[in-house]
Each structure stands twice: as C-alpha cells, then as structure tokens.
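Source file: upload-v3.pdb (PDB, N, CA and C atoms)
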```
ATOM      1  N   MET A   1       9.299  -1.715  12.712
ATOM      2  CA  MET A   1       8.548  -0.513  13.031
ATOM      3  C   MET A   1       9.415   0.738  12.928
ATOM      4  N   GLU A   2      10.694   0.591  13.146
ATOM      5  CA  GLU A   2      11.568   1.757  13.067
ATOM      6  C   GLU A   2      11.649   2.286  11.633
ATOM      7  N   PHE A   3      11.567   1.380  10.658
ATOM      8  CA  PHE A   3      11.578   1.806   9.260
ATOM      9  C   PHE A   3      10.401   2.729   8.961
ATOM     10  N   ILE A   4       9.233   2.366   9.466
ATOM     11  CA  ILE A   4       8.039   3.185   9.234
ATOM     12  C   ILE A   4       8.197   4.549   9.889
ATOM     13  N   ARG A   5       8.701   4.568  11.104
ATOM     14  CA  ARG A   5       8.905   5.836  11.814
ATOM     15  C   ARG A   5       9.907   6.716  11.074
ATOM     16  N   GLU A   6      11.008   6.126  10.634
ATOM     17  CA  GLU A   6      12.008   6.895   9.904
ATOM     18  C   GLU A   6      11.468   7.374   8.560
ATOM     19  N   PHE A   7      10.639   6.556   7.935
ATOM     20  CA  PHE A   7      10.062   6.956   6.660
ATOM     21  C   PHE A   7       9.157   8.175   6.828
ATOM     22  N   PHE A   8       8.327   8.180   7.864
ATOM     23  CA  PHE A   8       7.468   9.330   8.105
ATOM     24  C   PHE A   8       8.271  10.569   8.512
ATOM     25  N   LEU A   9       9.355  10.373   9.238
ATOM     26  CA  LEU A   9      10.232  11.506   9.549
ATOM     27  C   LEU A   9      10.870  12.065   8.279
ATOM     28  N   PHE A  10      11.235  11.177   7.355
ATOM     29  CA  PHE A  10      11.768  11.617   6.070
ATOM     30  C   PHE A  10      10.724  12.428   5.305
ATOM     31  N   LEU A  11       9.482  11.933   5.264
ATOM     32  CA  LEU A  11       8.417  12.656   4.569
ATOM     33  C   LEU A  11       8.184  14.022   5.195
ATOM     34  N   LYS A  12       8.239  14.080   6.506
ATOM     35  CA  LYS A  12       8.026  15.345   7.205
ATOM     36  C   LYS A  12       9.159  16.327   6.918
ATOM     37  N   GLU A  13      10.388  15.826   6.961
ATOM     38  CA  GLU A  13      11.543  16.696   6.772
ATOM     39  C   GLU A  13      11.641  17.197   5.334
ATOM     40  N   ARG A  14      11.371  16.323   4.375
ATOM     41  CA  ARG A  14      11.494  16.691   2.962
ATOM     42  C   ARG A  14      10.211  17.291   2.381
ATOM     43  N   LYS A  15       9.161  17.341   3.193
ATOM     44  CA  LYS A  15       7.859  17.873   2.778
ATOM     45  C   LYS A  15       7.309  17.111   1.562
ATOM     46  N   LYS A  16       7.342  15.811   1.643
ATOM     47  CA  LYS A  16       6.849  14.941   0.577
ATOM     48  C   LYS A  16       5.508  14.333   0.969
ATOM     49  N   TRP A  17       4.597  15.158   1.463
ATOM     50  CA  TRP A  17       3.308  14.660   1.943
ATOM     51  C   TRP A  17       2.473  14.041   0.834
ATOM     52  N   TRP A  18       2.740  14.382  -0.419
ATOM     53  CA  TRP A  18       1.961  13.852  -1.526
ATOM     54  C   TRP A  18       2.222  12.357  -1.731
ATOM     55  N   LEU A  19       3.276  11.821  -1.139
ATOM     56  CA  LEU A  19       3.568  10.387  -1.280
ATOM     57  C   LEU A  19       2.674   9.509  -0.410
ATOM     58  N   ILE A  20       2.092  10.077   0.644
ATOM     59  CA  ILE A  20       1.302   9.270   1.569
ATOM     60  C   ILE A  20       0.092   8.615   0.897
ATOM     61  N   PRO A  21      -0.733   9.328   0.119
ATOM     62  CA  PRO A  21      -1.865   8.647  -0.536
ATOM     63  C   PRO A  21      -1.421   7.559  -1.507
ATOM     64  N   LEU A  22      -0.327   7.802  -2.214
ATOM     65  CA  LEU A  22       0.191   6.806  -3.150
ATOM     66  C   LEU A  22       0.611   5.534  -2.417
ATOM     67  N   ILE A  23       1.306   5.688  -1.322
ATOM     68  CA  ILE A  23       1.757   4.529  -0.538
ATOM     69  C   ILE A  23       0.569   3.796   0.068
ATOM     70  N   LEU A  24      -0.425   4.530   0.554
ATOM     71  CA  LEU A  24      -1.621   3.889   1.109
ATOM     72  C   LEU A  24      -2.362   3.072   0.066
ATOM     73  N   ILE A  25      -2.453   3.568  -1.145
ATOM     74  CA  ILE A  25      -3.117   2.815  -2.218
ATOM     75  C   ILE A  25      -2.350   1.527  -2.510
ATOM     76  N   PHE A  26      -1.015   1.614  -2.568
ATOM     77  CA  PHE A  26      -0.216   0.409  -2.792
ATOM     78  C   PHE A  26      -0.404  -0.611  -1.671
ATOM     79  N   VAL A  27      -0.452  -0.144  -0.439
ATOM     80  CA  VAL A  27      -0.629  -1.045   0.707
ATOM     81  C   VAL A  27      -2.022  -1.696   0.662
ATOM     82  N   ILE A  28      -3.043  -0.919   0.335
ATOM     83  CA  ILE A  28      -4.398  -1.471   0.265
ATOM     84  C   ILE A  28      -4.497  -2.518  -0.843
ATOM     85  N   PHE A  29      -3.974  -2.210  -2.030
ATOM     86  CA  PHE A  29      -4.021  -3.187  -3.119
ATOM     87  C   PHE A  29      -3.201  -4.426  -2.791
ATOM     88  N   GLY A  30      -2.046  -4.244  -2.172
ATOM     89  CA  GLY A  30      -1.227  -5.392  -1.781
ATOM     90  C   GLY A  30      -1.936  -6.267  -0.764
ATOM     91  N   GLY A  31      -2.571  -5.649   0.222
ATOM     92  CA  GLY A  31      -3.338  -6.421   1.209
ATOM     93  C   GLY A  31      -4.528  -7.112   0.586
ATOM     94  N   LEU A  32      -5.192  -6.449  -0.361
ATOM     95  CA  LEU A  32      -6.333  -7.046  -1.045
ATOM     96  C   LEU A  32      -5.915  -8.271  -1.843
ATOM     97  N   ILE A  33      -4.809  -8.171  -2.536
ATOM     98  CA  ILE A  33      -4.310  -9.322  -3.302
ATOM     99  C   ILE A  33      -3.878 -10.436  -2.361
ATOM    100  N   PHE A  34      -3.226 -10.087  -1.269
ATOM    101  CA  PHE A  34      -2.764 -11.094  -0.313
ATOM    102  C   PHE A  34      -3.940 -11.819   0.342
ATOM    103  N   LEU A  35      -4.970 -11.082   0.731
ATOM    104  CA  LEU A  35      -6.101 -11.686   1.431
ATOM    105  C   LEU A  35      -7.000 -12.510   0.515
ATOM    106  N   THR A  36      -7.046 -12.160  -0.767
ATOM    107  CA  THR A  36      -7.917 -12.902  -1.685
ATOM    108  C   THR A  36      -7.175 -13.991  -2.443
ATOM    109  N   ASN A  37      -5.900 -14.171  -2.154
ATOM    110  CA  ASN A  37      -5.127 -15.207  -2.824
ATOM    111  C   ASN A  37      -5.698 -16.586  -2.485
ATOM    112  N   GLY A  38      -6.116 -17.301  -3.501
ATOM    113  CA  GLY A  38      -6.664 -18.637  -3.303
ATOM    114  C   GLY A  38      -8.152 -18.660  -3.018
ATOM    115  N   SER A  39      -8.814 -17.525  -3.057
ATOM    116  CA  SER A  39     -10.245 -17.514  -2.803
ATOM    117  C   SER A  39     -11.005 -17.401  -4.125
ATOM    118  N   ALA A  40     -12.318 -17.455  -4.032
ATOM    119  CA  ALA A  40     -13.158 -17.352  -5.219
ATOM    120  C   ALA A  40     -13.139 -15.941  -5.797
ATOM    121  N   LEU A  41     -12.716 -14.963  -5.010
ATOM    122  CA  LEU A  41     -12.673 -13.578  -5.492
ATOM    123  C   LEU A  41     -11.418 -13.266  -6.291
ATOM    124  N   ALA A  42     -10.431 -14.124  -6.256
ATOM    125  CA  ALA A  42      -9.154 -13.848  -6.902
ATOM    126  C   ALA A  42      -9.276 -13.507  -8.392
ATOM    127  N   PRO A  43     -10.060 -14.245  -9.187
ATOM    128  CA  PRO A  43     -10.150 -13.861 -10.619
ATOM    129  C   PRO A  43     -10.710 -12.455 -10.827
ATOM    130  N   PHE A  44     -11.605 -12.025  -9.969
ATOM    131  CA  PHE A  44     -12.190 -10.691 -10.117
ATOM    132  C   PHE A  44     -11.210  -9.607  -9.717
ATOM    133  N   ILE A  45     -10.392  -9.867  -8.692
ATOM    134  CA  ILE A  45      -9.414  -8.896  -8.250
ATOM    135  C   ILE A  45      -8.322  -8.745  -9.309
ATOM    136  N   TYR A  46      -7.855  -9.852  -9.879
ATOM    137  CA  TYR A  46      -6.797  -9.795 -10.863
ATOM    138  C   TYR A  46      -7.258  -9.126 -12.157
ATOM    139  N   SER A  47      -8.555  -9.185 -12.436
ATOM    140  CA  SER A  47      -9.050  -8.532 -13.648
ATOM    141  C   SER A  47      -9.017  -7.014 -13.521
ATOM    142  N   LEU A  48      -8.909  -6.479 -12.302
ATOM    143  CA  LEU A  48      -8.815  -5.033 -12.119
ATOM    144  C   LEU A  48      -7.496  -4.487 -12.648
ATOM    145  N   PHE A  49      -6.489  -5.318 -12.674
ATOM    146  CA  PHE A  49      -5.182  -4.870 -13.105
ATOM    147  C   PHE A  49      -4.970  -5.187 -14.556
TER
END
```
Show the structure stored in the file as structure tokens.
Amino acid sequence: MEFIREFFLFLKERKKWWLIPLILIFVIFGGLIFLTNGSALAPFIYSLF
C-alpha cells in the first residue's frame, strides 16, 4: 500500500495527473483478463486485443 501512496504523491508533486486515466485503464484490463481466465468469456476478451 505504501507504493500506491508514494506513487500518488509523485503524481501530485510532478503534476502528472494525465497518467491516472492511463493507469486505471491498464488496471481494469488486467483485472478483466485475470477474472475471465479459464472462463467461457476468455476467447471474446482476447479478441479485443
């Protein structure tokens, strides 16, 4: 958890707020791939990439 806190402090200090949407998209796609791994939805998710 400290990594996340330090990362947000870095974004605040360096004024890199534009990175937040990019990171959120990566986290959502990563969670989607992780949760659908081995399910019937997996072929459809992988076809998006």
Measure the distance from atom N of A:Ile23 to atom C of A:Ile4 in Å and round it to one decimal.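 Spanning atom N of A:Ile23 to atom C of A:Ile4 is a straight-line distance of 13.2 Å.
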According to DSSP computed on the backbone, where in chain A is there helix (DSSP H, G or I)? Give the residues as number ranges by chain. A: 2-14, 19-36, 42-46
To one decimal place, how far is atom N of A:Trp18 from atom C of A:Phe3 in Å?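 Atom C of A:Phe3 lies at a distance of 16.8 Å from atom N of A:Trp18.
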What gap, in Å, lies between atom C of A:Arg14 and atom N of A:Phe26?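 Separation between atom C of A:Arg14 and atom N of A:Phe26: 19.9 Å.
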Skip stretch 19-22 of chain A itself and residues of its chain fewer than 5 positions away, then list as number ranges by chain all residues within 12 Å of it, counting only C-alpha atoms. A: 4, 7-8, 10-12, 14, 27-29
